[in-house]
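Colleague: Below: one structure in structure tokens.
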Amino acid sequence: MAATAPLPLAATANLPKTSWSTLLVWGAVLGLLALSWQGADMRPADLVRDSGNMAKYAADFFPPNFANWQLYLKEMLVTLQIALWGTALAVLCSIPLGLLAASNITPWWIHQPVRRVMDAFRAINEMVFAMLFVVAVGLGPFAGVLALWIHTTGTLAKLFSEAVEAIDPQPVEGIRATGAQKLEEIVYGVIPQVMPLWVSYTLYRFEANVRSASVVGMVGAGGIGVVLWEIIRGFYYAETAAVLLIIIVTVTLIDFASGRLRRTLI
Amino acid sequence: MQPAIRVTELLKSFGPSRALDRVTLEIMPGEMVALIGASGSGKSTLLRHLAGLVLADRDSRSEIEVNGQLVQKSGRLAANIREVRESIGFVFQQFNLVGRLPVITNVMAGMLTRVPLWRSLTRWFHASEYSQGLEALARVGMAERAAQRASTLSGGQQQRAAIARTLVQRAKVVLADEPIASLDPESSRRVMDILSTINREDHCTVVVSLHQVNVAIKYCPRTIALRRGQVVFDGPSERLTPAMLRELYGAEADEILDLPDHISLLQDRRDNVAPLPSIQAAQAG
């Protein structure tokens, strides 16, 4: 083949080049940012003007006060337990819902409505759910569990269904050809294929839920968030610093551990 | 005697093109039949219709019976299709095993219709059932691989495990869709030998679609040849001389004559991949 021959002129027409549409997109993005300046109350000058105040404020956080560390650790443990139960219940619901929301498993009149319900679960932040559940079941960790459960179900069911839609249909057909019924096709043909992704998504959501669980307490749904809310409102900055450090260390450890676990499972 | 397979006026269109054009045939119990034809001649489509994996055209009079039971009629599956499928073993070109499951679990899938649903869903098989699975694996020379994940096996080993699944199924009819098209010559020989053994010892009816006519002649007393969705030959395999094939297929005959597997595969690729426009332009200039 003529490898050394120069490219014919016609081929250069397919090379990428900066087009008007690219410039238009950039212009639109910048325009949108400019329009939002006032709405977002952008005051960058204040950062410089009040820098003295802020330095004084920041200094109040140090040194962190760990006098109440036993309470903080106890509440941090409650937070982890909220995240654990919220995630576990969500996984339990997401398995059937994820399968029902997959277009290669169910007809449109099943997967479309299920998807819309999951969209709604996901669209509302867990903080909002937590506030609603605090009213319904009272102050405390159970409201937090319910909030995480609903929101996480919305997210996980969607991720689970996307994994199901990406499977190789051939093994499923192999199972079908033996005379198996639909549920057996799923258990033998579908679940083994999606298992690594499902486990990975679940661990990832657990990490995210540990972070979420530490804030749902701020609306009264139990755990370290309750403590955090009270000491911030009471201007106990040294104690706040201690709690924040505990949250950072815990979340980092959980992220690290579940990341390790995820890698070994895939 | 009742035929093992009866196909009447089978009509299947994909859009405007006819994949199967009024195919009518009967295969008696215990026969070993080859289905030959160039790629796109309708071999796979025909086999997949026999297991009810594909439906014929709705407005046609197409009717398929296997082991005296209706599989599909006028593009509608029989109500008891799962019972009918139980007696039909299907062997796929790409093996269609579940890669992440152990070989033995893949083989046990042949038993799903025989165990209660709660046990099949929890993969709860009795020791006696497992020994049926192991026995089937031993017959295809794969007993020592039982615990291994299916994805860790070679193609030939996967295909033998897939045949073990049809043994566990106790299928009376085994349909093999290009079972050796993805295998090396040695694995191909073993797979064909096993299919032939099943036919002889278990009195299974075997229909195997093949790309090469020499394999058909070696293993199958009867051959059905398809061309563009129509049956162009149905008779003793030894009558398929090169001259006969050229008469049936014209220029397409080369594809199904004695070419070794890898060569015919290469030819397929060359035909299917259009040269890049820039290369065409370079060659023209």
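Lettering and numbering for the structure tokens are positional, with chains as A, B, ... in the shown order, residues counted from 1 in each chain, and ligands counted from 1 in the shown order.
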Please check the contacts: residues of chain A at most 6 Å away from chain B, using only C-alpha atoms, listed as a ChimeraX atom specification.
Modeller: /A:170-171,174,178-180
Colleague: I'd like the neighbourhood of Glu162 (chain A) as a compact mmCIF listing (two decimals) with N, CA and C atoms, in the first residue's frame, where a residue qualifies if any of its atoms comes within 12 Å (using only C-alpha atoms), though same-chain residues fewer than 6 positions away should be ignored.
Modeller:
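part.txt written:
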# COMPACT_ATOMS: atom_id res chain seq x y z
N SER A 94 -34.11 -1.43 45.30
CA SER A 94 -33.59 -1.11 43.97
C SER A 94 -33.42 -2.34 43.10
N LEU A 97 -36.92 -2.81 41.56
CA LEU A 97 -37.25 -1.60 40.81
C LEU A 97 -36.29 -1.39 39.64
N GLY A 98 -35.00 -1.70 39.87
CA GLY A 98 -34.02 -1.56 38.79
C GLY A 98 -34.33 -2.50 37.64
N LEU A 99 -34.77 -3.72 37.95
CA LEU A 99 -35.13 -4.67 36.89
C LEU A 99 -36.39 -4.20 36.17
N LEU A 100 -37.36 -3.69 36.94
CA LEU A 100 -38.60 -3.22 36.32
C LEU A 100 -38.37 -1.99 35.44
N ALA A 101 -37.34 -1.21 35.76
CA ALA A 101 -37.09 0.02 35.00
C ALA A 101 -36.19 -0.22 33.79
N ALA A 102 -35.78 -1.48 33.55
CA ALA A 102 -34.88 -1.77 32.42
C ALA A 102 -35.70 -2.10 31.18
N SER A 103 -35.39 -1.39 30.09
CA SER A 103 -36.23 -1.54 28.89
C SER A 103 -36.04 -2.89 28.21
N ASN A 104 -34.97 -3.61 28.53
CA ASN A 104 -34.80 -4.94 27.92
C ASN A 104 -35.43 -6.05 28.76
N ILE A 105 -36.07 -5.68 29.87
CA ILE A 105 -36.72 -6.67 30.72
C ILE A 105 -38.23 -6.49 30.70
N HIS A 111 -41.76 0.01 32.42
CA HIS A 111 -40.52 0.70 32.79
C HIS A 111 -40.64 2.22 32.77
N ARG A 115 -39.65 4.43 36.02
CA ARG A 115 -38.57 5.42 35.89
C ARG A 115 -39.01 6.80 36.37
N THR A 155 -31.80 6.84 43.16
CA THR A 155 -30.51 6.84 42.45
C THR A 155 -30.09 5.43 42.06
N LEU A 156 -30.14 4.51 43.03
CA LEU A 156 -29.62 3.16 42.78
C LEU A 156 -30.48 2.42 41.74
N VAL A 194 -24.69 -8.48 35.96
CA VAL A 194 -24.69 -7.12 36.50
C VAL A 194 -24.10 -7.04 37.90
N LEU A 197 -21.13 -4.57 38.82
CA LEU A 197 -21.53 -3.17 38.77
C LEU A 197 -22.48 -2.81 39.91
N TRP A 198 -23.41 -3.71 40.19
CA TRP A 198 -24.36 -3.43 41.27
C TRP A 198 -23.63 -3.27 42.60
N TYR A 201 -21.78 0.12 42.57
CA TYR A 201 -22.70 1.24 42.77
C TYR A 201 -23.17 1.32 44.22
Colleague: What's the separation between CA of Leu50 (chain B) and CA of Phe233 (chain B), in Å to one decimal place?
Modeller: 19.2 Å
Colleague: So that I can see what lies close to Arg58 (chain B), please list as a ChimeraX atom specification the residues with an atom at most 12 Å from it, counting only C-alpha atoms and leaving out residues fewer than 5 positions away in the same chain.
Modeller: /B:10-13,63,72-77
Colleague: Just the selected residues (N, CA, C and O atoms), exported as a short mmCIF file (atom, residue, chain, number, x, y, z; two decimals), in the first residue's frame, please.
Modeller:
data_model
loop_
_atom_site.label_atom_id
_atom_site.label_comp_id
_atom_site.auth_asym_id
_atom_site.auth_seq_id
_atom_site.Cartn_x
_atom_site.Cartn_y
_atom_site.Cartn_z
N LEU B 10 -42.87 -21.99 6.09
CA LEU B 10 -42.28 -20.97 6.99
C LEU B 10 -41.84 -19.74 6.19
O LEU B 10 -41.05 -19.83 5.25
N LEU B 11 -42.37 -18.62 6.61
CA LEU B 11 -42.13 -17.36 5.91
C LEU B 11 -41.62 -16.35 6.93
O LEU B 11 -42.25 -16.15 7.97
N LYS B 12 -40.47 -15.73 6.64
CA LYS B 12 -39.94 -14.72 7.56
C LYS B 12 -39.32 -13.59 6.76
O LYS B 12 -38.45 -13.81 5.93
N SER B 13 -39.77 -12.39 7.03
CA SER B 13 -39.20 -11.22 6.36
C SER B 13 -38.54 -10.32 7.38
O SER B 13 -39.03 -10.17 8.49
N GLU B 63 -46.02 -22.76 10.11
CA GLU B 63 -46.31 -23.60 11.26
C GLU B 63 -45.11 -24.47 11.56
O GLU B 63 -44.48 -25.03 10.65
N GLN B 72 -44.78 -22.78 17.06
CA GLN B 72 -45.39 -21.52 16.67
C GLN B 72 -46.24 -21.71 15.43
O GLN B 72 -46.03 -22.61 14.63
N LYS B 73 -47.24 -20.83 15.31
CA LYS B 73 -48.15 -20.89 14.18
C LYS B 73 -48.53 -19.47 13.81
O LYS B 73 -48.92 -18.70 14.68
N SER B 74 -48.38 -19.14 12.54
CA SER B 74 -48.71 -17.79 12.04
C SER B 74 -48.09 -16.70 12.91
O SER B 74 -48.73 -15.70 13.24
N GLY B 75 -46.84 -16.89 13.29
CA GLY B 75 -46.13 -15.84 14.03
C GLY B 75 -46.53 -15.71 15.48
O GLY B 75 -46.23 -14.70 16.11
N ARG B 76 -47.23 -16.72 16.02
CA ARG B 76 -47.57 -16.68 17.44
C ARG B 76 -47.00 -17.91 18.13
O ARG B 76 -47.16 -19.03 17.65
N LEU B 77 -46.35 -17.68 19.29
CA LEU B 77 -45.77 -18.79 20.03
C LEU B 77 -46.87 -19.66 20.63
O LEU B 77 -47.94 -19.16 20.97
#
Colleague: Hey, which of A:Trp229, A:Phe256, A:Phe206, A:Phe62 ends up closest to Leu80 (chain A)? Count only C-alpha atoms.
Modeller: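 Of A:Trp229, A:Phe256, A:Phe206, A:Phe62, the one nearest Leu80 (chain A) is A:Phe206, counting only C-alpha atoms.
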Colleague: Do you know which residues are at most 10 Å from Arg22 (chain B) counting only C-alpha atoms, after dropping those on the same chain fewer than 4 positions away, and could you put them as a list in words?
Modeller: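 The residues satisfying every condition are Val7, Thr8, Glu9, Leu10, Leu11, Lys12, Arg18, Ser60, Arg61, Ser62, Gly229, Gln230 and Val231 of chain B.
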Colleague: Could you give me, as a VMD selection string, the residues within 9 Å of Gly30 (chain B), counting only C-alpha atoms and dropping anything in the same chain fewer than 6 positions from it?
Modeller: chain B and resid 4 172 to 173 199 to 200 202 to 206
Colleague: At a cut-off of 12 Å, using only C-alpha atoms, what residues contact Glu230 (chain A)? Leave out same-chain residues fewer than 6 positions from it and give the result as a PDB file with all heavy atoms, in the first residue's frame.
Modeller:
ATOM      1  N   GLY A 217     -28.816  15.274  60.032  1.00  0.00           N
ATOM      2  CA  GLY A 217     -29.011  15.560  61.447  1.00  0.00           C
ATOM      3  C   GLY A 217     -29.298  17.040  61.688  1.00  0.00           C
ATOM      4  O   GLY A 217     -29.945  17.406  62.674  1.00  0.00           O
ATOM      5  N   MET A 218     -28.840  17.905  60.792  1.00  0.00           N
ATOM      6  CA  MET A 218     -29.016  19.349  60.996  1.00  0.00           C
ATOM      7  C   MET A 218     -30.484  19.742  60.970  1.00  0.00           C
ATOM      8  O   MET A 218     -30.852  20.780  61.498  1.00  0.00           O
ATOM      9  CB  MET A 218     -28.229  20.127  59.953  1.00  0.00           C
ATOM     10  CG  MET A 218     -26.744  19.790  60.009  1.00  0.00           C
ATOM     11  SD  MET A 218     -25.742  20.842  58.981  1.00  0.00           S
ATOM     12  CE  MET A 218     -25.311  22.117  60.118  1.00  0.00           C
ATOM     13  N   VAL A 219     -31.351  18.920  60.342  1.00  0.00           N
ATOM     14  CA  VAL A 219     -32.780  19.216  60.415  1.00  0.00           C
ATOM     15  C   VAL A 219     -33.449  18.336  61.473  1.00  0.00           C
ATOM     16  O   VAL A 219     -34.660  18.201  61.492  1.00  0.00           O
ATOM     17  CB  VAL A 219     -33.477  19.061  59.045  1.00  0.00           C
ATOM     18  CG1 VAL A 219     -32.940  20.082  58.065  1.00  0.00           C
ATOM     19  CG2 VAL A 219     -33.309  17.656  58.505  1.00  0.00           C
ATOM     20  N   GLY A 220     -32.656  17.691  62.314  1.00  0.00           N
ATOM     21  CA  GLY A 220     -33.221  16.946  63.434  1.00  0.00           C
ATOM     22  C   GLY A 220     -33.324  15.458  63.216  1.00  0.00           C
ATOM     23  O   GLY A 220     -33.924  14.748  64.006  1.00  0.00           O
ATOM     24  N   GLY A 223     -27.915  11.736  64.689  1.00  0.00           N
ATOM     25  CA  GLY A 223     -26.518  11.592  64.326  1.00  0.00           C
ATOM     26  C   GLY A 223     -25.695  12.835  64.599  1.00  0.00           C
ATOM     27  O   GLY A 223     -26.123  13.764  65.286  1.00  0.00           O
ATOM     28  N   ILE A 224     -24.489  12.864  64.041  1.00  0.00           N
ATOM     29  CA  ILE A 224     -23.510  13.916  64.302  1.00  0.00           C
ATOM     30  C   ILE A 224     -24.018  15.287  63.852  1.00  0.00           C
ATOM     31  O   ILE A 224     -23.629  16.317  64.405  1.00  0.00           O
ATOM     32  CB  ILE A 224     -22.154  13.565  63.613  1.00  0.00           C
ATOM     33  CG1 ILE A 224     -21.009  14.431  64.130  1.00  0.00           C
ATOM     34  CG2 ILE A 224     -22.271  13.713  62.115  1.00  0.00           C
ATOM     35  CD1 ILE A 224     -20.435  13.917  65.417  1.00  0.00           C
ATOM     36  N   TYR A 236     -19.802  27.805  69.340  1.00  0.00           N
ATOM     37  CA  TYR A 236     -18.686  27.043  69.922  1.00  0.00           C
ATOM     38  C   TYR A 236     -17.760  26.582  68.790  1.00  0.00           C
ATOM     39  O   TYR A 236     -17.834  25.458  68.317  1.00  0.00           O
ATOM     40  CB  TYR A 236     -19.206  25.817  70.677  1.00  0.00           C
ATOM     41  CG  TYR A 236     -20.107  26.147  71.844  1.00  0.00           C
ATOM     42  CD1 TYR A 236     -21.452  25.847  71.803  1.00  0.00           C
ATOM     43  CD2 TYR A 236     -19.570  26.759  72.982  1.00  0.00           C
ATOM     44  CE1 TYR A 236     -22.285  26.158  72.877  1.00  0.00           C
ATOM     45  CE2 TYR A 236     -20.395  27.068  74.060  1.00  0.00           C
ATOM     46  CZ  TYR A 236     -21.743  26.773  74.007  1.00  0.00           C
ATOM     47  OH  TYR A 236     -22.550  27.089  75.062  1.00  0.00           O
ATOM     48  N   TYR A 237     -16.900  27.504  68.325  1.00  0.00           N
ATOM     49  CA  TYR A 237     -16.132  27.205  67.114  1.00  0.00           C
ATOM     50  C   TYR A 237     -15.065  26.151  67.336  1.00  0.00           C
ATOM     51  O   TYR A 237     -14.781  25.345  66.456  1.00  0.00           O
ATOM     52  CB  TYR A 237     -15.525  28.496  66.558  1.00  0.00           C
ATOM     53  CG  TYR A 237     -16.598  29.444  66.097  1.00  0.00           C
ATOM     54  CD1 TYR A 237     -16.621  30.771  66.526  1.00  0.00           C
ATOM     55  CD2 TYR A 237     -17.613  28.997  65.250  1.00  0.00           C
ATOM     56  CE1 TYR A 237     -17.615  31.636  66.108  1.00  0.00           C
ATOM     57  CE2 TYR A 237     -18.617  29.859  64.840  1.00  0.00           C
ATOM     58  CZ  TYR A 237     -18.620  31.169  65.271  1.00  0.00           C
ATOM     59  OH  TYR A 237     -19.614  31.992  64.863  1.00  0.00           O
ATOM     60  N   GLU A 239     -15.211  23.609  69.299  1.00  0.00           N
ATOM     61  CA  GLU A 239     -15.901  22.315  69.291  1.00  0.00           C
ATOM     62  C   GLU A 239     -16.312  21.946  67.860  1.00  0.00           C
ATOM     63  O   GLU A 239     -16.217  20.791  67.452  1.00  0.00           O
ATOM     64  CB  GLU A 239     -17.148  22.372  70.185  1.00  0.00           C
ATOM     65  CG  GLU A 239     -16.867  22.358  71.669  1.00  0.00           C
ATOM     66  CD  GLU A 239     -16.420  23.718  72.200  1.00  0.00           C
ATOM     67  OE1 GLU A 239     -16.318  24.700  71.414  1.00  0.00           O
ATOM     68  OE2 GLU A 239     -16.148  23.825  73.417  1.00  0.00           O
ATOM     69  N   THR A 240     -16.778  22.956  67.107  1.00  0.00           N
ATOM     70  CA  THR A 240     -17.162  22.724  65.705  1.00  0.00           C
ATOM     71  C   THR A 240     -15.980  22.150  64.927  1.00  0.00           C
ATOM     72  O   THR A 240     -16.129  21.193  64.164  1.00  0.00           O
ATOM     73  CB  THR A 240     -17.621  24.043  65.052  1.00  0.00           C
ATOM     74  OG1 THR A 240     -18.674  24.587  65.826  1.00  0.00           O
ATOM     75  CG2 THR A 240     -18.096  23.799  63.628  1.00  0.00           C
ATOM     76  N   VAL A 243     -15.576  18.485  65.676  1.00  0.00           N
ATOM     77  CA  VAL A 243     -16.574  17.646  65.008  1.00  0.00           C
ATOM     78  C   VAL A 243     -16.265  17.536  63.514  1.00  0.00           C
ATOM     79  O   VAL A 243     -16.313  16.439  62.926  1.00  0.00           O
ATOM     80  CB  VAL A 243     -17.996  18.207  65.239  1.00  0.00           C
ATOM     81  CG1 VAL A 243     -18.995  17.496  64.348  1.00  0.00           C
ATOM     82  CG2 VAL A 243     -18.385  18.068  66.692  1.00  0.00           C
TER      83      VAL A 243
END
Colleague: Pick out each residue of region 6-197 of chain B that DSSP on the backbone tags as strand (DSSP E); I need them as a PyMOL selection string.
Modeller: chain B and resi 6-14+17-27+32-36+63-66+69-73+76-77+88-91+173-177
Colleague: Go through B:Ile27, B:Val191, B:Ala243, B:Ala146 one by one, measure the shortest atom-to-atom distance of each to Tyr219 (chain B) using only C-alpha atoms, and give the residue with the smallest value.
Modeller: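 Smallest separation from Tyr219 (chain B) among the options: B:Val191.
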Colleague: Give the alpha helix (DSSP H) residues of region 9-177 of chain A, as DSSP finds them on the backbone, and put them as a ChimeraX atom specification.
Modeller: /A:9-12,20-39,44-49,51-59,69-100,108-123,126-137,141-165,169-176
Colleague: Name the closest residue to Ile104 (chain B) among the candidates B:Leu20, B:Val208, B:Leu248, B:Ala138; distances are taken between atoms, counting only C-alpha atoms.
Modeller: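 For Ile104 (chain B), the nearest of the candidates is B:Ala138.
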Colleague: What is the distance, in Å and to one decimal place, between CA of Ala147 (chain B) and CA of Pro196 (chain A)?
Modeller: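 Separating CA of Ala147 (chain B) from CA of Pro196 (chain A) is a distance of 19.5 Å.
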